[in-house]
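Undergrad: The structure that follows is given in the form of structure tokens.
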Amino acid sequence: MTQSRPSRAIRIDTQPRRPFRGPAGWIEGLGLAGLALLSCGGLYLRILAGRSRLDLPAFAASLRQAGLSILPAITLTSVAVGLILGRQTQRILDQFDLPGLVLVSVIHAVVMEFVPILVGILVAGRAGVALAVRQATLTVSGEMDGLLANGIDPIRFTLGPVLLSMLLMSFAFAVWGSLVTLGATGLWLWGRAELPPALFLDALIRALSPGDLLEAVIKPMLFALLIGLIATVNGTAAGRDPQGIAQAATRTMIGAVAAILFADLLAILLLRG
């Protein structure tokens with residue numbers, strides 16, 4: 001009589017696996033970001049050609065989320081930054097009799113660096129995190145599979161309207177933030193340092209060339225593009241794990257801030273040597 005061997009228990013791994021993990025995870029993430037960029041670019045081209053329509057309700061909601069909800073924060077922060085810079089500039093002007101040189105440096109730094117980075121960080125904290133959470137929620141709940149089953153591109157469905165609104169509002173915020181910040185700085189220097197407004201306007205003209213102004217409004221739009229792609233990749237990487245929603249929001253904010261700073265550094269090195 002043969003003795004039967006005890007059967008081995010079959011271990012079933014019930015832990016959900018999230019995509020973009022392992023040594024090649026970053027390559028997969030870059031691939032998804034490229035596909036998302038091509039998908040949205042194709043959508044916008046078809047809209048311009050009249051062959052497709054934009055989801056206007058989703059676009060309007062994205063404008064409110066990426067625009068109107070951030071406007072008070074942009075305005076108050078720009079005023080605060082302008083007053084801080086005005087106070088620091090006043091101290092420099094009190095010590096050195098070089099108002100023109102100091103003003104040119106301050107104005108250039110405000111328009112070219114402070115405002116674009118400020119706009120990028122605020123857009124990332126509001127619109128970028130919200131996009132990542134929405135993308136992760138659709139992935140975790142399985143609604144992403146439902147969109148695919150109905151023949152709807154999930155990336156174009158979620159990212160298309162949001163990315164367009166982020167680009168438009170980043171452009172508008174760059175202009176508005178620069179005007180508010182410089183206005184607050186000029187008012188402080190006029191009232192506290194008795195700096196003539198004509199001298200401030202002259203420094204403004206000498207500090208910024210047309211190329212500088214173009215770069216100042218393009219950089220926040222580049223930041224918005226990076227934020228949208230990072231949010232899409234992190235939202236999709238949530239997989240089926242509900243904890244991935246919070247992780248997607250955190251990773252998006254950290255990744256967006258890092259991408260903004262590195263993109264700004266790269267723009268400085270390439271455009272200004």
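A note on labels: chains of the structure tokens are A, B, ... as shown, every chain counts residues from 1, and ligands are counted from 1 in their shown order.
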Compile the contact shell of Phe173 (chain A) as an NGL selection string: residues with an atom at most 9 Å away, counting only C-alpha atoms, same-chain residues fewer than 4 positions apart removed.
TA: :A and (67 or 71 or 74 or 115-116 or 119 or 168-169 or 177-178 or 217 or 220)
Undergrad: Write out the residues from the selection above, keeping N, CA, C and O atoms, as a PDB file, in the first residue's frame.
TA:
```pdb
ATOM      1  N   GLY A  67      -8.262  77.342 -12.286  1.00  0.00           N
ATOM      2  CA  GLY A  67      -8.195  78.772 -12.462  1.00  0.00           C
ATOM      3  C   GLY A  67      -8.813  79.563 -11.344  1.00  0.00           C
ATOM      4  O   GLY A  67      -8.122  80.147 -10.503  1.00  0.00           O
ATOM      5  N   LEU A  71      -7.102  81.640  -8.067  1.00  0.00           N
ATOM      6  CA  LEU A  71      -6.906  83.079  -8.250  1.00  0.00           C
ATOM      7  C   LEU A  71      -6.689  83.822  -6.933  1.00  0.00           C
ATOM      8  O   LEU A  71      -5.771  84.648  -6.841  1.00  0.00           O
ATOM      9  N   ILE A  74      -3.147  82.998  -5.768  1.00  0.00           N
ATOM     10  CA  ILE A  74      -2.153  83.632  -6.634  1.00  0.00           C
ATOM     11  C   ILE A  74      -2.036  85.121  -6.295  1.00  0.00           C
ATOM     12  O   ILE A  74      -0.937  85.676  -6.181  1.00  0.00           O
ATOM     13  N   VAL A 115       7.733  84.357 -10.266  1.00  0.00           N
ATOM     14  CA  VAL A 115       6.332  84.185 -10.651  1.00  0.00           C
ATOM     15  C   VAL A 115       6.094  82.873 -11.396  1.00  0.00           C
ATOM     16  O   VAL A 115       5.148  82.141 -11.070  1.00  0.00           O
ATOM     17  N   PRO A 116       6.897  82.493 -12.417  1.00  0.00           N
ATOM     18  CA  PRO A 116       6.647  81.203 -13.076  1.00  0.00           C
ATOM     19  C   PRO A 116       6.707  80.012 -12.119  1.00  0.00           C
ATOM     20  O   PRO A 116       5.860  79.112 -12.199  1.00  0.00           O
ATOM     21  N   VAL A 119       3.578  80.080  -9.843  1.00  0.00           N
ATOM     22  CA  VAL A 119       2.394  79.618 -10.573  1.00  0.00           C
ATOM     23  C   VAL A 119       2.435  78.108 -10.755  1.00  0.00           C
ATOM     24  O   VAL A 119       1.429  77.402 -10.558  1.00  0.00           O
ATOM     25  N   LEU A 168      -3.969  77.168 -20.344  1.00  0.00           N
ATOM     26  CA  LEU A 168      -4.541  78.507 -20.477  1.00  0.00           C
ATOM     27  C   LEU A 168      -4.414  79.300 -19.176  1.00  0.00           C
ATOM     28  O   LEU A 168      -4.023  80.479 -19.183  1.00  0.00           O
ATOM     29  N   MET A 169      -4.748  78.660 -18.054  1.00  0.00           N
ATOM     30  CA  MET A 169      -4.707  79.382 -16.795  1.00  0.00           C
ATOM     31  C   MET A 169      -3.275  79.665 -16.341  1.00  0.00           C
ATOM     32  O   MET A 169      -3.026  80.679 -15.684  1.00  0.00           O
ATOM     33  N   GLY A 177       0.163  87.380 -12.134  1.00  0.00           N
ATOM     34  CA  GLY A 177       1.084  87.339 -11.001  1.00  0.00           C
ATOM     35  C   GLY A 177       2.223  88.338 -11.144  1.00  0.00           C
ATOM     36  O   GLY A 177       2.628  88.974 -10.159  1.00  0.00           O
ATOM     37  N   SER A 178       2.754  88.480 -12.360  1.00  0.00           N
ATOM     38  CA  SER A 178       3.832  89.449 -12.581  1.00  0.00           C
ATOM     39  C   SER A 178       3.340  90.872 -12.354  1.00  0.00           C
ATOM     40  O   SER A 178       4.021  91.688 -11.718  1.00  0.00           O
ATOM     41  N   VAL A 217       6.172  83.725 -20.035  1.00  0.00           N
ATOM     42  CA  VAL A 217       4.821  83.164 -20.137  1.00  0.00           C
ATOM     43  C   VAL A 217       4.840  81.732 -20.670  1.00  0.00           C
ATOM     44  O   VAL A 217       3.876  80.975 -20.450  1.00  0.00           O
ATOM     45  N   PRO A 220       5.649  78.796 -17.450  1.00  0.00           N
ATOM     46  CA  PRO A 220       4.544  78.216 -16.674  1.00  0.00           C
ATOM     47  C   PRO A 220       3.697  77.233 -17.473  1.00  0.00           C
ATOM     48  O   PRO A 220       3.182  76.259 -16.903  1.00  0.00           O
TER      49      PRO A 220
END
```
Undergrad: Pick out the residues sitting within 9 Å of Ala130 (chain A), and hand them over as a compact mmCIF listing (two decimals) with N, CA and C atoms, in the first residue's frame; count only C-alpha atoms, and ignore anything fewer than 6 positions along from it in its own chain.
TA:
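That gives us part-v7.txt:
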```txt
# COMPACT_ATOMS: atom_id res chain seq x y z
N GLN A 65 -11.44 74.65 -11.51
CA GLN A 65 -10.52 73.99 -10.58
C GLN A 65 -9.10 74.51 -10.72
N ALA A 124 0.25 72.88 -9.51
CA ALA A 124 0.51 71.48 -9.14
C ALA A 124 -0.25 71.09 -7.89
N ALA A 231 0.90 63.74 -13.20
CA ALA A 231 -0.34 63.34 -12.52
C ALA A 231 -0.97 62.13 -13.20
N ALA A 249 -1.42 61.20 -5.06
CA ALA A 249 -1.43 62.63 -4.77
C ALA A 249 -0.08 63.10 -4.24
```
Undergrad: Please report, as an MDAnalysis selection string, each residue of region 4-221 of chain A to which DSSP assigns alpha helix (DSSP H) when run on this structure's backbone.
TA: chainID A and resid 25:48 56:63 71:95 99:109 115:123 129:141 143:149 154:192 197:207 210:221
Undergrad: Which one of A:Arg192, A:Arg64, A:Arg251, A:His108 sits closest to Pro161 (chain A) if you count only C-alpha atoms?
TA: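 The shortest atom-to-atom distance to Pro161 (chain A) comes from A:Arg64.
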Undergrad: Pick the closest to Asp202 (chain A) from A:Gly186, A:Gly142, A:Gly25, A:Gly128: which is it, counting only C-alpha atoms?
TA: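 For Asp202 (chain A), the nearest of the candidates is A:Gly186.
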Undergrad: With distances taken over only C-alpha atoms, which residue among A:Ala73, A:Leu222, A:Ile152, A:Ala132 lies nearest Asn234 (chain A)?
TA: A:Ala132
Undergrad: Can you tell me how far CA of Leu163 (chain A) sits from CA of Leu38 (chain A), in Å to one decimal?
TA: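 Going from CA of Leu163 (chain A) over to CA of Leu38 (chain A), I get 12.5 Å.
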Undergrad: Identify, on the basis of only C-alpha atoms, every residue whose closest approach to Gln88 (chain A) does not exceed 12 Å; exclude the query and any residue fewer than 6 positions from it along the same chain; express the result as a CSV table (one decimal) with N, CA and C atoms, in the first residue's frame.
TA:
```csv
chain,number,residue,atom,x,y,z
A,81,VAL,N,4.7,88.5,-1.9
A,81,VAL,CA,6.0,88.4,-2.5
A,81,VAL,C,6.5,89.8,-2.9
A,82,GLY,N,5.6,90.6,-3.5
A,82,GLY,CA,5.9,91.9,-4.0
A,82,GLY,C,6.3,92.8,-2.8
A,94,ASP,N,18.9,101.7,0.5
A,94,ASP,CA,19.4,102.6,1.6
A,94,ASP,C,20.9,102.4,1.8
A,95,GLN,N,21.5,101.3,1.5
A,95,GLN,CA,22.9,101.1,1.7
A,95,GLN,C,23.7,101.4,0.5
A,102,VAL,N,19.9,97.9,-9.1
A,102,VAL,CA,19.2,97.0,-8.2
A,102,VAL,C,17.8,96.7,-8.7
A,103,LEU,N,17.1,97.7,-9.2
A,103,LEU,CA,15.7,97.5,-9.7
A,103,LEU,C,15.7,96.5,-10.9
A,106,VAL,N,16.1,93.0,-9.6
A,106,VAL,CA,14.9,92.5,-8.9
A,106,VAL,C,13.7,92.2,-9.9
A,185,THR,N,5.5,95.8,-5.4
A,185,THR,CA,6.9,96.2,-5.1
A,185,THR,C,7.0,97.7,-5.4
A,188,TRP,N,5.4,99.9,-2.7
A,188,TRP,CA,6.1,99.9,-1.5
A,188,TRP,C,7.3,100.8,-1.6
A,189,LEU,N,8.1,100.7,-2.7
A,189,LEU,CA,9.2,101.6,-2.9
A,189,LEU,C,8.8,103.0,-3.1
A,192,ARG,N,7.6,104.0,0.8
A,192,ARG,CA,8.5,103.9,1.9
A,192,ARG,C,9.9,104.4,1.5
A,193,ALA,N,10.4,104.1,0.3
A,193,ALA,CA,11.7,104.5,-0.1
A,193,ALA,C,11.7,105.8,-1.0
```
Undergrad: Counting only C-alpha atoms, figure out which residue out of A:Gly146, A:Ile155, A:Thr181, A:Ser52 gets nearest to Leu76 (chain A).
TA: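 Looking at the shortest contact to Leu76 (chain A), the residue is A:Thr181.
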Undergrad: Determine the nearest neighbour of Val233 (chain A) from the options A:Leu159, A:Ser170, A:Ala127, A:Glu113, counting only C-alpha atoms.
TA: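 For Val233 (chain A), the nearest of the given residues is A:Leu159.
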Undergrad: For Leu229 (chain A), please output as a list in words all residues within 10 Å (counting only C-alpha atoms; exclusion window: fewer than 4 positions along the same chain).
TA: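 In the requested form, the answer reads Gly29, Leu30, Leu32, Ala33, Gly34, Leu35, Ala36, Leu37, Gly128, Leu131, Ala132, Leu159, Leu163, Ala224, Leu225, Val233, Asn234, Gly235, Thr252 and Ala256 of chain A.
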Undergrad: Quick one: residues within 9 Å of Leu63 (chain A), only C-alpha atoms, excluding same-chain residues fewer than 5 positions away - as a PDB file with all heavy atoms, in the first residue's frame?
TA:
```
ATOM      1  N   ALA A  58     -16.646  69.279 -18.892  1.00  0.00           N
ATOM      2  CA  ALA A  58     -15.409  68.908 -18.186  1.00  0.00           C
ATOM      3  C   ALA A  58     -14.376  70.019 -18.290  1.00  0.00           C
ATOM      4  O   ALA A  58     -13.639  70.291 -17.331  1.00  0.00           O
ATOM      5  CB  ALA A  58     -14.843  67.615 -18.768  1.00  0.00           C
ATOM      6  N   LEU A  68     -10.129  79.603 -11.312  1.00  0.00           N
ATOM      7  CA  LEU A  68     -10.812  80.477 -10.361  1.00  0.00           C
ATOM      8  C   LEU A  68     -10.512  80.114  -8.914  1.00  0.00           C
ATOM      9  O   LEU A  68     -10.421  81.000  -8.057  1.00  0.00           O
ATOM     10  CB  LEU A  68     -12.321  80.431 -10.620  1.00  0.00           C
ATOM     11  CG  LEU A  68     -12.768  80.931 -12.001  1.00  0.00           C
ATOM     12  CD1 LEU A  68     -14.270  80.802 -12.149  1.00  0.00           C
ATOM     13  CD2 LEU A  68     -12.325  82.365 -12.225  1.00  0.00           C
ATOM     14  N   SER A  69     -10.368  78.835  -8.625  1.00  0.00           N
ATOM     15  CA  SER A  69     -10.099  78.439  -7.241  1.00  0.00           C
ATOM     16  C   SER A  69      -8.700  78.834  -6.788  1.00  0.00           C
ATOM     17  O   SER A  69      -8.436  78.941  -5.593  1.00  0.00           O
ATOM     18  CB  SER A  69     -10.293  76.924  -7.090  1.00  0.00           C
ATOM     19  OG  SER A  69      -9.356  76.224  -7.890  1.00  0.00           O
ATOM     20  N   PRO A 161      -9.384  67.691 -21.334  1.00  0.00           N
ATOM     21  CA  PRO A 161      -9.906  68.997 -20.886  1.00  0.00           C
ATOM     22  C   PRO A 161      -9.062  69.631 -19.793  1.00  0.00           C
ATOM     23  O   PRO A 161      -8.887  70.855 -19.760  1.00  0.00           O
ATOM     24  CB  PRO A 161     -11.314  68.650 -20.384  1.00  0.00           C
ATOM     25  CG  PRO A 161     -11.645  67.323 -20.975  1.00  0.00           C
ATOM     26  CD  PRO A 161     -10.353  66.607 -21.109  1.00  0.00           C
ATOM     27  N   VAL A 162      -8.529  68.821 -18.881  1.00  0.00           N
ATOM     28  CA  VAL A 162      -7.771  69.367 -17.750  1.00  0.00           C
ATOM     29  C   VAL A 162      -6.471  70.002 -18.228  1.00  0.00           C
ATOM     30  O   VAL A 162      -6.095  71.102 -17.789  1.00  0.00           O
ATOM     31  CB  VAL A 162      -7.493  68.262 -16.716  1.00  0.00           C
ATOM     32  CG1 VAL A 162      -6.633  68.798 -15.579  1.00  0.00           C
ATOM     33  CG2 VAL A 162      -8.794  67.693 -16.177  1.00  0.00           C
ATOM     34  N   LEU A 164      -5.706  71.269 -21.161  1.00  0.00           N
ATOM     35  CA  LEU A 164      -5.960  72.515 -21.887  1.00  0.00           C
ATOM     36  C   LEU A 164      -6.254  73.662 -20.919  1.00  0.00           C
ATOM     37  O   LEU A 164      -5.745  74.773 -21.086  1.00  0.00           O
ATOM     38  CB  LEU A 164      -7.126  72.320 -22.860  1.00  0.00           C
ATOM     39  CG  LEU A 164      -7.471  73.518 -23.742  1.00  0.00           C
ATOM     40  CD1 LEU A 164      -6.270  73.944 -24.578  1.00  0.00           C
ATOM     41  CD2 LEU A 164      -8.660  73.191 -24.640  1.00  0.00           C
ATOM     42  N   SER A 165      -7.053  73.397 -19.904  1.00  0.00           N
ATOM     43  CA  SER A 165      -7.359  74.454 -18.925  1.00  0.00           C
ATOM     44  C   SER A 165      -6.124  74.834 -18.120  1.00  0.00           C
ATOM     45  O   SER A 165      -5.908  76.010 -17.809  1.00  0.00           O
ATOM     46  CB  SER A 165      -8.477  73.981 -17.990  1.00  0.00           C
ATOM     47  OG  SER A 165      -8.046  72.887 -17.196  1.00  0.00           O
ATOM     48  N   MET A 166      -5.274  73.869 -17.786  1.00  0.00           N
ATOM     49  CA  MET A 166      -4.046  74.168 -17.053  1.00  0.00           C
ATOM     50  C   MET A 166      -3.105  75.034 -17.885  1.00  0.00           C
ATOM     51  O   MET A 166      -2.462  75.963 -17.355  1.00  0.00           O
ATOM     52  CB  MET A 166      -3.353  72.868 -16.630  1.00  0.00           C
ATOM     53  CG  MET A 166      -4.089  72.097 -15.537  1.00  0.00           C
ATOM     54  SD  MET A 166      -3.407  70.438 -15.262  1.00  0.00           S
ATOM     55  CE  MET A 166      -1.753  70.833 -14.715  1.00  0.00           C
ATOM     56  N   LEU A 168      -3.969  77.168 -20.344  1.00  0.00           N
ATOM     57  CA  LEU A 168      -4.541  78.507 -20.477  1.00  0.00           C
ATOM     58  C   LEU A 168      -4.414  79.300 -19.176  1.00  0.00           C
ATOM     59  O   LEU A 168      -4.023  80.479 -19.183  1.00  0.00           O
ATOM     60  CB  LEU A 168      -6.005  78.408 -20.892  1.00  0.00           C
ATOM     61  CG  LEU A 168      -6.277  77.841 -22.298  1.00  0.00           C
ATOM     62  CD1 LEU A 168      -7.774  77.725 -22.543  1.00  0.00           C
ATOM     63  CD2 LEU A 168      -5.634  78.708 -23.363  1.00  0.00           C
ATOM     64  N   MET A 169      -4.748  78.660 -18.054  1.00  0.00           N
ATOM     65  CA  MET A 169      -4.707  79.382 -16.795  1.00  0.00           C
ATOM     66  C   MET A 169      -3.275  79.665 -16.341  1.00  0.00           C
ATOM     67  O   MET A 169      -3.026  80.679 -15.684  1.00  0.00           O
ATOM     68  CB  MET A 169      -5.456  78.598 -15.719  1.00  0.00           C
ATOM     69  CG  MET A 169      -6.933  78.405 -16.003  1.00  0.00           C
ATOM     70  SD  MET A 169      -7.796  79.924 -16.488  1.00  0.00           S
ATOM     71  CE  MET A 169      -7.545  80.966 -15.054  1.00  0.00           C
TER      72      MET A 169
END
```
Undergrad: I'd like to know which of A:Ile205, A:Ile117, A:Ile230, A:Leu45 is closest to Ala263 (chain A), using only C-alpha atoms.
TA: A:Ile117
Undergrad: Quick one: distance from CA of Gly41 (chain A) to CA of Gly160 (chain A) in Å, one decimal?
TA: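 Distance reported for this atom pair: 8.6 Å.
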Undergrad: Please provide the set of residues having any atom within 9 Å of Pro154 (chain A), restricted to only C-alpha atoms, with same-chain residues fewer than 6 positions apart removed, written as a ChimeraX atom specification.
TA: /A:135,144-145,147-148
Undergrad: Next, write the just-selected residues to a file, as a PDB file, in the first residue's frame, keeping N, CA, C and O atoms as the atom set.
TA:
```
ATOM      1  N   GLN A 135      -7.646  60.334 -11.558  1.00  0.00           N
ATOM      2  CA  GLN A 135      -7.132  59.233 -12.372  1.00  0.00           C
ATOM      3  C   GLN A 135      -6.974  57.974 -11.522  1.00  0.00           C
ATOM      4  O   GLN A 135      -7.327  56.871 -11.954  1.00  0.00           O
ATOM      5  N   MET A 144     -11.958  52.783 -15.188  1.00  0.00           N
ATOM      6  CA  MET A 144     -11.068  52.893 -16.334  1.00  0.00           C
ATOM      7  C   MET A 144     -11.312  51.754 -17.310  1.00  0.00           C
ATOM      8  O   MET A 144     -11.315  51.953 -18.534  1.00  0.00           O
ATOM      9  N   ASP A 145     -11.532  50.552 -16.773  1.00  0.00           N
ATOM     10  CA  ASP A 145     -11.848  49.415 -17.641  1.00  0.00           C
ATOM     11  C   ASP A 145     -13.181  49.616 -18.350  1.00  0.00           C
ATOM     12  O   ASP A 145     -13.347  49.215 -19.500  1.00  0.00           O
ATOM     13  N   LEU A 147     -14.434  52.488 -19.308  1.00  0.00           N
ATOM     14  CA  LEU A 147     -14.214  53.416 -20.416  1.00  0.00           C
ATOM     15  C   LEU A 147     -13.597  52.702 -21.610  1.00  0.00           C
ATOM     16  O   LEU A 147     -13.987  52.932 -22.766  1.00  0.00           O
ATOM     17  N   LEU A 148     -12.638  51.826 -21.333  1.00  0.00           N
ATOM     18  CA  LEU A 148     -12.021  51.070 -22.423  1.00  0.00           C
ATOM     19  C   LEU A 148     -13.029  50.152 -23.105  1.00  0.00           C
ATOM     20  O   LEU A 148     -13.032  50.005 -24.330  1.00  0.00           O
TER      21      LEU A 148
END
```
